[in-house]
$ cat data.pdb   # PDB, C-alpha atoms
MODEL        1
ATOM      1  CA  MET A  29      27.251  -9.054   7.936
ATOM      2  CA  PHE A  30      24.267  -7.886   9.941
ATOM      3  CA  GLN A  31      21.863 -10.443  11.322
ATOM      4  CA  ILE A  32      18.516  -8.720  11.398
ATOM      5  CA  LYS A  33      15.443 -10.127  13.066
ATOM      6  CA  ILE A  34      12.034  -8.542  12.693
ATOM      7  CA  THR A  35       9.796  -9.726  15.504
ATOM      8  CA  VAL A  36       6.116  -9.153  14.901
ATOM      9  CA  VAL A  37       2.902 -10.080  16.671
ATOM     10  CA  GLY A  38       0.512 -11.960  14.421
ATOM     11  CA  LYS A  39       0.800 -13.026  10.806
ATOM     12  CA  THR A  40       0.434 -10.498   8.009
ATOM     13  CA  LEU A  41      -3.033 -11.036   6.599
ATOM     14  CA  ALA A  42      -3.487  -8.623   3.691
ATOM     15  CA  SER A  43      -2.044 -10.138   0.526
ATOM     16  CA  TRP A  44      -0.549  -6.819  -0.686
ATOM     17  CA  TRP A  45       1.396  -6.348   2.556
ATOM     18  CA  GLN A  46       2.588  -9.951   2.251
ATOM     19  CA  SER A  47       3.824  -9.256  -1.291
ATOM     20  CA  ALA A  48       5.503  -6.010  -0.271
ATOM     21  CA  GLU A  49       7.183  -7.743   2.675
ATOM     22  CA  GLY A  50       8.375 -10.544   0.416
ATOM     23  CA  GLU A  51       9.878  -8.087  -2.033
ATOM     24  CA  TYR A  52      11.766  -6.100   0.589
ATOM     25  CA  LEU A  53      12.914  -9.218   2.456
ATOM     26  CA  LYS A  54      14.395 -10.429  -0.833
ATOM     27  CA  ARG A  55      16.119  -7.103  -1.503
ATOM     28  CA  LEU A  56      17.403  -6.879   2.066
ATOM     29  CA  SER A  57      18.899 -10.370   1.844
ATOM     30  CA  HIS A  58      21.669  -8.884  -0.341
ATOM     31  CA  TYR A  59      22.818  -6.795   2.592
ATOM     32  CA  ALA A  60      21.996  -8.788   5.702
ATOM     33  CA  LYS A  61      20.929 -12.142   7.021
ATOM     34  CA  ILE A  62      17.292 -11.430   7.663
ATOM     35  CA  LYS A  63      14.604 -13.373   9.493
ATOM     36  CA  GLN A  64      11.041 -12.653  10.504
ATOM     37  CA  VAL A  65       9.830 -14.058  13.817
ATOM     38  CA  PHE A  66       6.099 -14.329  14.332
ATOM     39  CA  VAL A  67       4.754 -14.230  17.851
ATOM     40  CA  LYS A  68       1.191 -15.393  18.461
ATOM     41  CA  GLU A  69      -1.367 -12.636  18.759
ATOM     42  CA  GLU A  70      -3.589 -12.909  21.839
ATOM     43  CA  LYS A  71      -7.270 -12.930  21.006
ATOM     44  CA  MET A  72      -9.479 -10.227  22.426
ATOM     45  CA  ALA A  73     -12.058 -11.529  24.874
ATOM     46  CA  GLU A  74     -14.445  -9.874  27.267
ATOM     47  CA  HIS A  75     -12.734 -11.093  30.417
ATOM     48  CA  LYS A  76      -9.330  -9.768  29.309
ATOM     49  CA  THR A  77      -8.349  -6.121  29.585
ATOM     50  CA  LEU A  78      -6.232  -4.514  26.873
ATOM     51  CA  PRO A  79      -3.189  -4.184  29.181
ATOM     52  CA  GLN A  80      -3.520  -7.903  29.984
ATOM     53  CA  ILE A  81      -3.461  -8.771  26.281
ATOM     54  CA  GLN A  82      -0.468  -6.497  25.735
ATOM     55  CA  ALA A  83       1.328  -8.130  28.687
ATOM     56  CA  ILE A  84       0.682 -11.653  27.374
ATOM     57  CA  GLU A  85       2.019 -10.678  23.939
ATOM     58  CA  ALA A  86       5.050  -8.949  25.470
ATOM     59  CA  GLN A  87       5.825 -12.107  27.446
ATOM     60  CA  ARG A  88       5.693 -14.152  24.248
ATOM     61  CA  ILE A  89       8.089 -11.697  22.611
ATOM     62  CA  GLU A  90      10.424 -11.940  25.631
ATOM     63  CA  ASP A  91      10.399 -15.722  25.366
ATOM     64  CA  SER A  92      11.376 -15.528  21.686
ATOM     65  CA  LEU A  93      14.367 -13.211  22.220
ATOM     66  CA  ASP A  94      17.995 -14.267  22.056
ATOM     67  CA  SER A  95      20.197 -12.991  24.851
ATOM     68  CA  ASN A  96      22.863 -11.386  22.669
ATOM     69  CA  GLU A  97      20.823  -9.235  20.365
ATOM     70  CA  TYR A  98      20.330  -5.487  20.276
ATOM     71  CA  ARG A  99      16.637  -4.824  20.839
ATOM     72  CA  VAL A 100      14.925  -2.047  18.967
ATOM     73  CA  ALA A 101      11.289  -1.355  19.824
ATOM     74  CA  LEU A 102       9.243   0.331  17.112
ATOM     75  CA  VAL A 103       7.015   2.936  18.751
ATOM     76  CA  LYS A 104       5.705   6.204  17.403
ATOM     77  CA  GLU A 105       6.995   8.026  20.487
ATOM     78  CA  GLY A 106      10.536   6.765  19.787
ATOM     79  CA  ARG A 107      13.476   8.511  18.175
ATOM     80  CA  GLN A 108      12.837   9.833  14.677
ATOM     81  CA  LEU A 109      15.682   9.371  12.241
ATOM     82  CA  SER A 110      15.932  10.515   8.659
ATOM     83  CA  SER A 111      16.874   7.740   6.219
ATOM     84  CA  GLU A 112      20.448   9.054   6.197
ATOM     85  CA  GLU A 113      20.550   9.076   9.999
ATOM     86  CA  LEU A 114      19.235   5.517  10.013
ATOM     87  CA  ALA A 115      22.100   4.488   7.719
ATOM     88  CA  ARG A 116      24.600   6.286   9.973
ATOM     89  CA  TRP A 117      23.090   4.637  13.040
ATOM     90  CA  LEU A 118      23.472   1.175  11.471
ATOM     91  CA  GLU A 119      27.071   2.024  10.641
ATOM     92  CA  LYS A 120      27.726   3.165  14.197
ATOM     93  CA  LEU A 121      26.292  -0.048  15.605
ATOM     94  CA  ALA A 122      28.497  -2.062  13.236
ATOM     95  CA  ASN A 123      31.521  -0.100  14.392
ATOM     96  CA  GLN A 124      30.615  -0.956  17.981
ATOM     97  CA  GLY A 125      30.553  -4.632  17.032
ATOM     98  CA  ILE A 126      26.774  -4.831  17.226
ATOM     99  CA  SER A 127      25.543  -6.846  14.266
ATOM    100  CA  ARG A 128      22.609  -8.804  15.682
ATOM    101  CA  ILE A 129      19.642  -6.490  15.789
ATOM    102  CA  ASN A 130      16.061  -7.379  16.588
ATOM    103  CA  PHE A 131      13.395  -4.907  15.491
ATOM    104  CA  ILE A 132      10.257  -5.510  17.516
ATOM    105  CA  ILE A 133       6.837  -4.404  16.282
ATOM    106  CA  GLY A 134       3.792  -4.871  18.478
ATOM    107  CA  GLY A 135       0.386  -6.161  17.445
ATOM    108  CA  PRO A 136      -2.749  -4.067  16.924
ATOM    109  CA  LEU A 137      -2.612  -2.910  20.554
ATOM    110  CA  GLY A 138       1.058  -1.979  20.457
ATOM    111  CA  LEU A 139       3.829  -2.846  22.894
ATOM    112  CA  PRO A 140       3.459  -2.168  26.623
ATOM    113  CA  GLU A 141       5.572   0.706  27.912
ATOM    114  CA  SER A 142       7.408  -1.443  30.456
ATOM    115  CA  PHE A 143       8.660  -3.648  27.622
ATOM    116  CA  VAL A 144       9.554  -0.735  25.368
ATOM    117  CA  LYS A 145      11.680   0.846  28.117
ATOM    118  CA  GLN A 146      13.731  -2.319  28.547
ATOM    119  CA  CYS A 147      14.755  -2.313  24.893
ATOM    120  CA  ASP A 148      18.112  -0.890  23.823
ATOM    121  CA  TYR A 149      16.603   1.608  21.406
ATOM    122  CA  GLN A 150      13.192   3.075  20.640
ATOM    123  CA  LEU A 151      12.711   3.903  16.974
ATOM    124  CA  SER A 152       9.834   5.868  15.469
ATOM    125  CA  LEU A 153       8.837   5.540  11.822
ATOM    126  CA  SER A 154       6.421   8.456  12.059
ATOM    127  CA  LYS A 155       4.472  10.579  14.496
ATOM    128  CA  MET A 156       1.412   9.021  12.892
ATOM    129  CA  THR A 157      -0.031   5.717  14.050
ATOM    130  CA  PHE A 158       0.536   3.083  11.382
ATOM    131  CA  THR A 159      -1.217  -0.275  11.265
ATOM    132  CA  HIS A 160       1.178  -2.920  12.537
ATOM    133  CA  GLU A 161       1.186  -4.555   9.107
ATOM    134  CA  MET A 162       2.078  -1.308   7.360
ATOM    135  CA  SER A 163       4.817  -0.658   9.943
ATOM    136  CA  ARG A 164       6.513  -3.894   8.932
ATOM    137  CA  VAL A 165       6.677  -2.891   5.292
ATOM    138  CA  VAL A 166       7.809   0.662   6.051
ATOM    139  CA  LEU A 167      10.544  -0.673   8.349
ATOM    140  CA  LEU A 168      11.743  -3.176   5.733
ATOM    141  CA  GLU A 169      11.812  -0.488   3.059
ATOM    142  CA  GLN A 170      13.735   1.874   5.339
ATOM    143  CA  LEU A 171      16.250  -0.810   6.300
ATOM    144  CA  TYR A 172      16.757  -1.559   2.620
ATOM    145  CA  ARG A 173      17.202   2.159   1.941
ATOM    146  CA  GLY A 174      19.514   2.500   4.950
ATOM    147  CA  PHE A 175      21.730  -0.370   3.826
ATOM    148  CA  SER A 176      21.832   1.028   0.274
ATOM    149  CA  ILE A 177      22.975   4.435   1.549
ATOM    150  CA  PHE A 178      25.462   2.783   3.934
ATOM    151  CA  LYS A 179      26.884   0.612   1.144
ATOM    152  CA  ASN A 180      27.041   3.390  -1.425
ATOM    153  CA  GLU A 181      28.916   5.616   0.984
ATOM    154  CA  ASN A 182      31.449   2.899   1.591
ATOM    155  CA  TYR A 183      31.795   2.468  -2.173
ATOM    156  CA  HIS A 184      32.773   6.103  -2.507
ATOM    157  CA  LYS A 185      35.197   6.170   0.403
TER     158      LYS A 185
ATOM    159  CA  MET B   5     -18.659  15.693   2.042
ATOM    160  CA  PHE B   6     -14.974  16.139   1.381
ATOM    161  CA  GLN B   7     -13.729  16.036  -2.185
ATOM    162  CA  ILE B   8     -10.241  14.658  -1.969
ATOM    163  CA  LYS B   9      -7.802  14.574  -4.846
ATOM    164  CA  ILE B  10      -4.486  12.783  -4.649
ATOM    165  CA  THR B  11      -2.182  14.122  -7.338
ATOM    166  CA  VAL B  12       0.782  11.913  -8.066
ATOM    167  CA  VAL B  13       3.580  11.895 -10.592
ATOM    168  CA  GLY B  14       3.760   8.653 -12.528
ATOM    169  CA  LYS B  15       1.656   5.517 -12.329
ATOM    170  CA  THR B  16       2.052   3.077  -9.474
ATOM    171  CA  LEU B  17       4.030   0.168 -10.872
ATOM    172  CA  ALA B  18       4.401  -2.419  -8.108
ATOM    173  CA  SER B  19       1.338  -4.642  -8.005
ATOM    174  CA  TRP B  20       1.248  -4.753  -4.175
ATOM    175  CA  TRP B  21       1.145  -0.965  -3.931
ATOM    176  CA  GLN B  22      -1.611  -0.942  -6.554
ATOM    177  CA  SER B  23      -3.630  -3.424  -4.483
ATOM    178  CA  ALA B  24      -3.053  -1.493  -1.272
ATOM    179  CA  GLU B  25      -4.074   1.763  -2.971
ATOM    180  CA  GLY B  26      -7.211   0.096  -4.367
ATOM    181  CA  GLU B  27      -8.195  -1.157  -0.941
ATOM    182  CA  TYR B  28      -7.759   2.205   0.798
ATOM    183  CA  LEU B  29      -9.428   4.126  -2.014
ATOM    184  CA  LYS B  30     -12.418   1.828  -1.592
ATOM    185  CA  ARG B  31     -12.493   2.312   2.181
ATOM    186  CA  LEU B  32     -12.064   6.082   1.859
ATOM    187  CA  SER B  33     -14.962   6.311  -0.587
ATOM    188  CA  HIS B  34     -17.311   5.790   2.396
ATOM    189  CA  TYR B  35     -16.133   9.081   3.842
ATOM    190  CA  ALA B  36     -15.223  11.290   0.897
ATOM    191  CA  LYS B  37     -15.430  11.672  -2.831
ATOM    192  CA  ILE B  38     -11.960  10.597  -3.783
ATOM    193  CA  LYS B  39     -10.032  10.784  -7.022
ATOM    194  CA  GLN B  40      -6.459  10.063  -8.043
ATOM    195  CA  VAL B  41      -4.888  12.311 -10.649
ATOM    196  CA  PHE B  42      -1.847  10.997 -12.457
ATOM    197  CA  VAL B  43       0.615  13.481 -13.881
ATOM    198  CA  LYS B  44       3.144  12.250 -16.434
ATOM    199  CA  GLU B  45       6.601  11.537 -15.071
ATOM    200  CA  GLU B  46       9.418  13.188 -17.018
ATOM    201  CA  LYS B  47      12.023  10.729 -18.227
ATOM    202  CA  MET B  48      15.600  11.149 -17.103
ATOM    203  CA  ALA B  49      17.978  12.022 -19.914
ATOM    204  CA  GLU B  50      21.575  13.117 -20.048
ATOM    205  CA  HIS B  51      20.845  16.607 -21.340
ATOM    206  CA  LYS B  52      18.343  17.323 -18.546
ATOM    207  CA  THR B  53      19.364  18.304 -15.040
ATOM    208  CA  LEU B  54      17.391  17.026 -12.062
ATOM    209  CA  PRO B  55      15.985  20.523 -11.259
ATOM    210  CA  GLN B  56      14.826  20.765 -14.884
ATOM    211  CA  ILE B  57      12.964  17.476 -14.596
ATOM    212  CA  GLN B  58      11.427  18.579 -11.289
ATOM    213  CA  ALA B  59      10.343  21.886 -12.865
ATOM    214  CA  ILE B  60       8.712  20.151 -15.848
ATOM    215  CA  GLU B  61       6.794  17.833 -13.525
ATOM    216  CA  ALA B  62       5.777  20.736 -11.256
ATOM    217  CA  GLN B  63       4.431  22.591 -14.296
ATOM    218  CA  ARG B  64       2.354  19.552 -15.259
ATOM    219  CA  ILE B  65       0.977  19.427 -11.711
ATOM    220  CA  GLU B  66       0.149  23.161 -11.865
ATOM    221  CA  ASP B  67      -1.702  22.628 -15.137
ATOM    222  CA  SER B  68      -3.804  19.866 -13.566
ATOM    223  CA  LEU B  69      -4.894  21.914 -10.531
ATOM    224  CA  ASP B  70      -8.331  23.389 -10.035
ATOM    225  CA  SER B  71      -8.434  26.965  -8.849
ATOM    226  CA  ASN B  72     -10.626  26.420  -5.813
ATOM    227  CA  GLU B  73      -8.875  23.616  -4.050
ATOM    228  CA  TYR B  74      -6.767  23.583  -0.927
ATOM    229  CA  ARG B  75      -3.295  22.393  -1.889
ATOM    230  CA  VAL B  76      -1.346  20.163   0.419
ATOM    231  CA  ALA B  77       2.200  19.266  -0.595
ATOM    232  CA  LEU B  78       3.581  16.070   0.869
ATOM    233  CA  VAL B  79       7.201  16.654   1.853
ATOM    234  CA  LYS B  80       9.264  15.102   4.615
ATOM    235  CA  GLU B  81      10.263  18.564   5.850
ATOM    236  CA  GLY B  82       6.593  19.511   6.272
ATOM    237  CA  ARG B  83       4.432  19.615   9.382
ATOM    238  CA  GLN B  84       4.226  16.346  11.295
ATOM    239  CA  LEU B  85       0.819  15.493  12.662
ATOM    240  CA  SER B  86      -0.225  12.545  14.768
ATOM    241  CA  SER B  87      -3.194  10.621  13.368
ATOM    242  CA  GLU B  88      -5.451  12.374  15.901
ATOM    243  CA  GLU B  89      -4.068  15.770  14.890
ATOM    244  CA  LEU B  90      -4.680  14.892  11.240
ATOM    245  CA  ALA B  91      -8.316  14.137  12.072
ATOM    246  CA  ARG B  92      -8.604  17.413  13.980
ATOM    247  CA  TRP B  93      -7.010  19.295  11.102
ATOM    248  CA  LEU B  94      -9.538  17.824   8.624
ATOM    249  CA  GLU B  95     -12.325  18.836  10.997
ATOM    250  CA  LYS B  96     -10.953  22.366  11.248
ATOM    251  CA  LEU B  97     -10.777  22.677   7.462
ATOM    252  CA  ALA B  98     -14.377  21.468   7.182
ATOM    253  CA  ASN B  99     -15.435  24.077   9.761
ATOM    254  CA  GLN B 100     -13.730  26.721   7.649
ATOM    255  CA  GLY B 101     -15.760  25.592   4.645
ATOM    256  CA  ILE B 102     -12.776  23.961   2.983
ATOM    257  CA  SER B 103     -13.859  20.620   1.577
ATOM    258  CA  ARG B 104     -11.899  20.349  -1.668
ATOM    259  CA  ILE B 105      -8.408  19.224  -0.802
ATOM    260  CA  ASN B 106      -5.662  18.193  -3.170
ATOM    261  CA  PHE B 107      -2.803  16.169  -1.711
ATOM    262  CA  ILE B 108       0.187  16.424  -4.003
ATOM    263  CA  ILE B 109       2.961  13.836  -3.985
ATOM    264  CA  GLY B 110       6.025  14.306  -6.171
ATOM    265  CA  GLY B 111       7.729  11.706  -8.320
ATOM    266  CA  PRO B 112      11.003   9.932  -7.541
ATOM    267  CA  LEU B 113      12.828  13.290  -7.500
ATOM    268  CA  GLY B 114      10.315  14.980  -5.239
ATOM    269  CA  LEU B 115       8.634  18.369  -5.610
ATOM    270  CA  PRO B 116      10.679  21.533  -6.217
ATOM    271  CA  GLU B 117      10.825  23.886  -3.232
ATOM    272  CA  SER B 118       9.323  26.807  -5.144
ATOM    273  CA  PHE B 119       6.210  24.731  -5.828
ATOM    274  CA  VAL B 120       5.996  23.394  -2.276
ATOM    275  CA  LYS B 121       6.093  26.929  -0.831
ATOM    276  CA  GLN B 122       3.138  28.014  -2.952
ATOM    277  CA  CYS B 123       0.920  25.275  -1.555
ATOM    278  CA  ASP B 124      -1.495  26.016   1.293
ATOM    279  CA  TYR B 125      -0.038  23.389   3.594
ATOM    280  CA  GLN B 126       3.062  21.236   3.806
ATOM    281  CA  LEU B 127       2.438  17.838   5.385
ATOM    282  CA  SER B 128       5.078  15.323   6.436
ATOM    283  CA  LEU B 129       4.317  11.616   6.781
ATOM    284  CA  SER B 130       7.696  10.925   8.348
ATOM    285  CA  LYS B 131      11.165  12.328   8.810
ATOM    286  CA  MET B 132      12.269   9.365   6.703
ATOM    287  CA  THR B 133      12.325   9.446   2.925
ATOM    288  CA  PHE B 134       9.623   7.161   1.584
ATOM    289  CA  THR B 135       9.397   5.975  -2.023
ATOM    290  CA  HIS B 136       6.734   8.015  -3.790
ATOM    291  CA  GLU B 137       4.655   4.867  -4.268
ATOM    292  CA  MET B 138       4.798   4.008  -0.580
ATOM    293  CA  SER B 139       3.896   7.607   0.323
ATOM    294  CA  ARG B 140       0.649   7.263  -1.603
ATOM    295  CA  VAL B 141      -0.400   4.211   0.373
ATOM    296  CA  VAL B 142       0.651   5.685   3.714
ATOM    297  CA  LEU B 143      -1.275   8.883   2.941
ATOM    298  CA  LEU B 144      -4.408   6.947   1.925
ATOM    299  CA  GLU B 145      -4.213   4.822   5.066
ATOM    300  CA  GLN B 146      -3.777   7.930   7.243
ATOM    301  CA  LEU B 147      -6.676   9.732   5.576
ATOM    302  CA  TYR B 148      -8.835   6.677   6.146
ATOM    303  CA  ARG B 149      -7.710   6.582   9.787
ATOM    304  CA  GLY B 150      -8.259  10.331  10.116
ATOM    305  CA  PHE B 151     -11.798  10.159   8.752
ATOM    306  CA  SER B 152     -12.576   7.188  11.012
ATOM    307  CA  ILE B 153     -11.407   9.098  14.099
ATOM    308  CA  PHE B 154     -13.261  12.225  12.924
ATOM    309  CA  LYS B 155     -16.486  10.296  12.339
ATOM    310  CA  ASN B 156     -16.279   8.298  15.544
ATOM    311  CA  GLU B 157     -15.806  11.449  17.580
ATOM    312  CA  ASN B 158     -18.886  12.956  16.011
ATOM    313  CA  TYR B 159     -20.799   9.766  16.824
ATOM    314  CA  HIS B 160     -20.013  10.175  20.473
ATOM    315  CA  LYS B 161     -20.813  13.845  20.670
TER     316      LYS B 161
ENDMDL
END

$ encode --input "data.pdb" --output "structure tokens"
Amino acid sequence: MFQIKITVVGKTLASWWQSAEGEYLKRLSHYAKIKQVFVKEEKMAEHKTLPQIQAIEAQRIEDSLDSNEYRVALVKEGRQLSSEELARWLEKLANQGISRINFIIGGPLGLPESFVKQCDYQLSLSKMTFTHEMSRVVLLEQLYRGFSIFKNENYHK
Amino acid sequence: MFQIKITVVGKTLASWWQSAEGEYLKRLSHYAKIKQVFVKEEKMAEHKTLPQIQAIEAQRIEDSLDSNEYRVALVKEGRQLSSEELARWLEKLANQGISRINFIIGGPLGLPESFVKQCDYQLSLSKMTFTHEMSRVVLLEQLYRGFSIFKNENYHK
């Protein structure tokens, strides 16, 4: 069974995103052991530049990572997969013995490029910029969809 | 001022999507006259094929359209725009005197190809398949983002 971690910067504030997340986390729990990890968001302040804030948040993410997990950075410049390709990709990882996957979503400022490059995979949900809160829900829904496709295919084999 | 219509098949059922839609409709109302049009979803039944259901729904959409609006079909195979490109595209339409835009999102089965082809533009939110309810929220959020970019740029001109 997959062990999925979703690492995010900052708590989800809007109640509707919280509800949507809760729903998809529940649905996903039928397919995978799933856990959200919240990393503290760094407050904006006049004496801090945006790259400094990004770097502080990236360091906090680094500190939260386990050594044996497959790291997937969510960035709009990443690889675009259709839902079917996402399912196939999950299957391929499973076949390679990779079952611990950490999906990492930056805060409002996004992830710094140096961090993104170090990850094992760069995944794009869209060419469009999504709010970080919306990205979480879209990712959860796509993982749920991916696992459903994956499971259904195995049913029919 | 833009007059935006979002034509969708079937009511939004999940309460969190309803809340998210409500929030973005409210925010968008600062930038455009915005209206959601709900077209009845055709029930699945054994004697109806999926293309038949799609065709019935497409006919209902056709019947709801105004003659002088710019029709944008939302399909994953459509044109992908970054959020900045979306803003630029809205600006370009405005410069062409096009201010009445209808964004059309299919039901669970999607829009039939024959209908999609007839539209003035085919827009893709992602290569991934989104639920039709999630597509509505993502579109609203992107329109809000697009108008914000558009307006901010004009501020700085």

$ residues_around --input "data.pdb" --residues "Tyr59 of chain A" --least-positions-apart "2" --cutoff "7 Å" --atoms "all atoms listed in the file" --output "list in words"
Leu56, Ser57 and Phe175 of chain A

$ residues_near_point --input "data.pdb" --point "(7.9, -0.4, -9.6)" --cutoff "12 Å" --atoms "all atoms listed in the file" --output "PyMOL selection string"
(chain A and resi 48+51) or (chain B and resi 14-22+112+135-138)

$ closest_atom_pairs --input "data.pdb" --of "chain A" --to "chain B" --cutoff "12 Å" --atoms "all atoms listed in the file" --output "tab-separated table"
residue	atom	partner	partner_atom	distance
A:Ala42	CA	B:Ala24	CA	8.7
A:Ser43	CA	B:Trp20	CA	7.9
A:Trp44	CA	B:Trp20	CA	4.4
A:Trp45	CA	B:Trp20	CA	6.9
A:Gln46	CA	B:Trp20	CA	8.4
A:Ser47	CA	B:Trp20	CA	5.9
A:Ala48	CA	B:Trp20	CA	5.9
A:Glu49	CA	B:Trp20	CA	9.5
A:Gly50	CA	B:Trp20	CA	10.3
A:Glu51	CA	B:Trp20	CA	9.5
A:Tyr52	CA	B:Trp20	CA	11.6
A:Lys104	CA	B:Ser86	CA	9.1
A:Glu105	CA	B:Ser86	CA	10.3
A:Arg107	CA	B:Lys131	CA	10.4
A:Gln108	CA	B:Lys131	CA	6.6
A:Leu109	CA	B:Lys131	CA	6.4
A:Ser110	CA	B:Met132	CA	4.3
A:Ser111	CA	B:Met132	CA	4.9
A:Glu112	CA	B:Met132	CA	8.2
A:Glu113	CA	B:Met132	CA	8.9
A:Leu114	CA	B:Met132	CA	8.6
A:Ala115	CA	B:Met132	CA	11.0
A:Leu151	CA	B:Met132	CA	11.6
A:Ser152	CA	B:Ser130	CA	9.0
A:Leu153	CA	B:Ser130	CA	6.5
A:Ser154	CA	B:Ser130	CA	4.6
A:Lys155	CA	B:Ser86	CA	5.1
A:Met156	CA	B:Ser86	CA	4.3
A:Thr157	CA	B:Ser87	CA	5.9
A:Phe158	CA	B:Gln146	CA	7.7
A:Thr159	CA	B:Glu145	CA	8.6
A:Glu161	CA	B:Glu145	CA	11.6
A:Met162	CA	B:Val142	CA	8.0
A:Ser163	CA	B:Val142	CA	9.8
A:Val165	CA	B:Met138	CA	9.3
A:Val166	CA	B:Met138	CA	8.0
A:Leu167	CA	B:Met132	CA	10.3
A:Leu168	CA	B:Phe134	CA	11.3
A:Glu169	CA	B:Phe134	CA	8.1
A:Gln170	CA	B:Phe134	CA	7.7
A:Leu171	CA	B:Met132	CA	10.9
A:Tyr172	CA	B:Phe134	CA	11.3
A:Arg173	CA	B:Thr133	CA	8.8
A:Gly174	CA	B:Met132	CA	10.1
A:Ile177	CA	B:Thr133	CA	11.9

$ closest_residue --input "data.pdb" --among "A:Arg99, A:Arg88, A:Lys120, A:Lys145" --to "Glu69 of chain A" --atoms "all atoms listed in the file"
A:Arg88

$ closest_residue --input "data.pdb" --among "A:Lys68, A:Arg116, A:Ser95, A:His58" --to "Ile81 of chain A" --atoms "only C-alpha atoms"
A:Lys68

$ atom_distance --input "data.pdb" --atom1 "atom CA of Leu93 of chain A" --atom2 "atom CA of Leu78 of chain A"
22.8 Å

$ residues_near_point --input "data.pdb" --point "(16.0, -6.9, 16.2)" --cutoff "8 Å" --atoms "only C-alpha atoms" --output "ChimeraX atom specification"
/A:32-35,97-100,128-132

$ resolve_selection --input "data.pdb" --expression "the PyMOL selection byres ((chain B and resi 46) around 10)" --output "list of chain:residue names"
B:Val13, B:Gly14, B:Val43, B:Lys44, B:Glu45, B:Lys47, B:Met48, B:Ala49, B:Lys52, B:Gln56, B:Ile57, B:Gln58, B:Ala59, B:Ile60, B:Glu61, B:Arg64, B:Gly111

$ atom_distance --input "data.pdb" --atom1 "atom CA of Val41 of chain B" --atom2 "atom CA of Ser68 of chain B"
8.2 Å

$ atom_distance --input "data.pdb" --atom1 "atom CA of Gly82 of chain B" --atom2 "atom CA of Val144 of chain A"
28.0 Å

$ build_atoms --input "data.pdb" --residues "segment 118-122 of chain B" --atoms "all heavy atoms" --output "PDB file, in the frame of the given file"
ATOM      1  N   SER B 118      10.135  25.653  -4.742  1.00  0.00           N
ATOM      2  CA  SER B 118       9.323  26.807  -5.144  1.00  0.00           C
ATOM      3  C   SER B 118       7.842  26.420  -5.246  1.00  0.00           C
ATOM      4  O   SER B 118       6.961  27.187  -4.872  1.00  0.00           O
ATOM      5  CB  SER B 118       9.814  27.351  -6.486  1.00  0.00           C
ATOM      6  OG  SER B 118       9.795  26.318  -7.452  1.00  0.00           O
ATOM      7  N   PHE B 119       7.589  25.201  -5.732  1.00  0.00           N
ATOM      8  CA  PHE B 119       6.210  24.731  -5.828  1.00  0.00           C
ATOM      9  C   PHE B 119       5.639  24.450  -4.441  1.00  0.00           C
ATOM     10  O   PHE B 119       4.508  24.830  -4.129  1.00  0.00           O
ATOM     11  CB  PHE B 119       6.142  23.471  -6.703  1.00  0.00           C
ATOM     12  CG  PHE B 119       4.768  22.873  -6.764  1.00  0.00           C
ATOM     13  CD1 PHE B 119       3.839  23.338  -7.683  1.00  0.00           C
ATOM     14  CD2 PHE B 119       4.378  21.876  -5.881  1.00  0.00           C
ATOM     15  CE1 PHE B 119       2.555  22.815  -7.720  1.00  0.00           C
ATOM     16  CE2 PHE B 119       3.097  21.347  -5.912  1.00  0.00           C
ATOM     17  CZ  PHE B 119       2.193  21.821  -6.836  1.00  0.00           C
ATOM     18  N   VAL B 120       6.444  23.783  -3.623  1.00  0.00           N
ATOM     19  CA  VAL B 120       5.996  23.394  -2.276  1.00  0.00           C
ATOM     20  C   VAL B 120       5.568  24.627  -1.473  1.00  0.00           C
ATOM     21  O   VAL B 120       4.529  24.615  -0.799  1.00  0.00           O
ATOM     22  CB  VAL B 120       7.131  22.625  -1.548  1.00  0.00           C
ATOM     23  CG1 VAL B 120       6.796  22.396  -0.076  1.00  0.00           C
ATOM     24  CG2 VAL B 120       7.387  21.282  -2.241  1.00  0.00           C
ATOM     25  N   LYS B 121       6.369  25.694  -1.570  1.00  0.00           N
ATOM     26  CA  LYS B 121       6.093  26.929  -0.831  1.00  0.00           C
ATOM     27  C   LYS B 121       4.760  27.558  -1.197  1.00  0.00           C
ATOM     28  O   LYS B 121       4.119  28.196  -0.373  1.00  0.00           O
ATOM     29  CB  LYS B 121       7.208  27.946  -1.099  1.00  0.00           C
ATOM     30  CG  LYS B 121       8.424  27.756  -0.217  1.00  0.00           C
ATOM     31  CD  LYS B 121       9.394  28.905  -0.472  1.00  0.00           C
ATOM     32  CE  LYS B 121      10.731  28.682   0.214  1.00  0.00           C
ATOM     33  NZ  LYS B 121      11.761  29.551  -0.362  1.00  0.00           N
ATOM     34  N   GLN B 122       4.392  27.417  -2.466  1.00  0.00           N
ATOM     35  CA  GLN B 122       3.138  28.014  -2.952  1.00  0.00           C
ATOM     36  C   GLN B 122       1.893  27.284  -2.454  1.00  0.00           C
ATOM     37  O   GLN B 122       0.789  27.799  -2.583  1.00  0.00           O
ATOM     38  CB  GLN B 122       3.085  27.958  -4.480  1.00  0.00           C
ATOM     39  CG  GLN B 122       3.969  28.947  -5.204  1.00  0.00           C
ATOM     40  CD  GLN B 122       3.965  28.622  -6.706  1.00  0.00           C
ATOM     41  OE1 GLN B 122       2.945  28.273  -7.274  1.00  0.00           O
ATOM     42  NE2 GLN B 122       5.125  28.716  -7.316  1.00  0.00           N
TER      43      GLN B 122
END
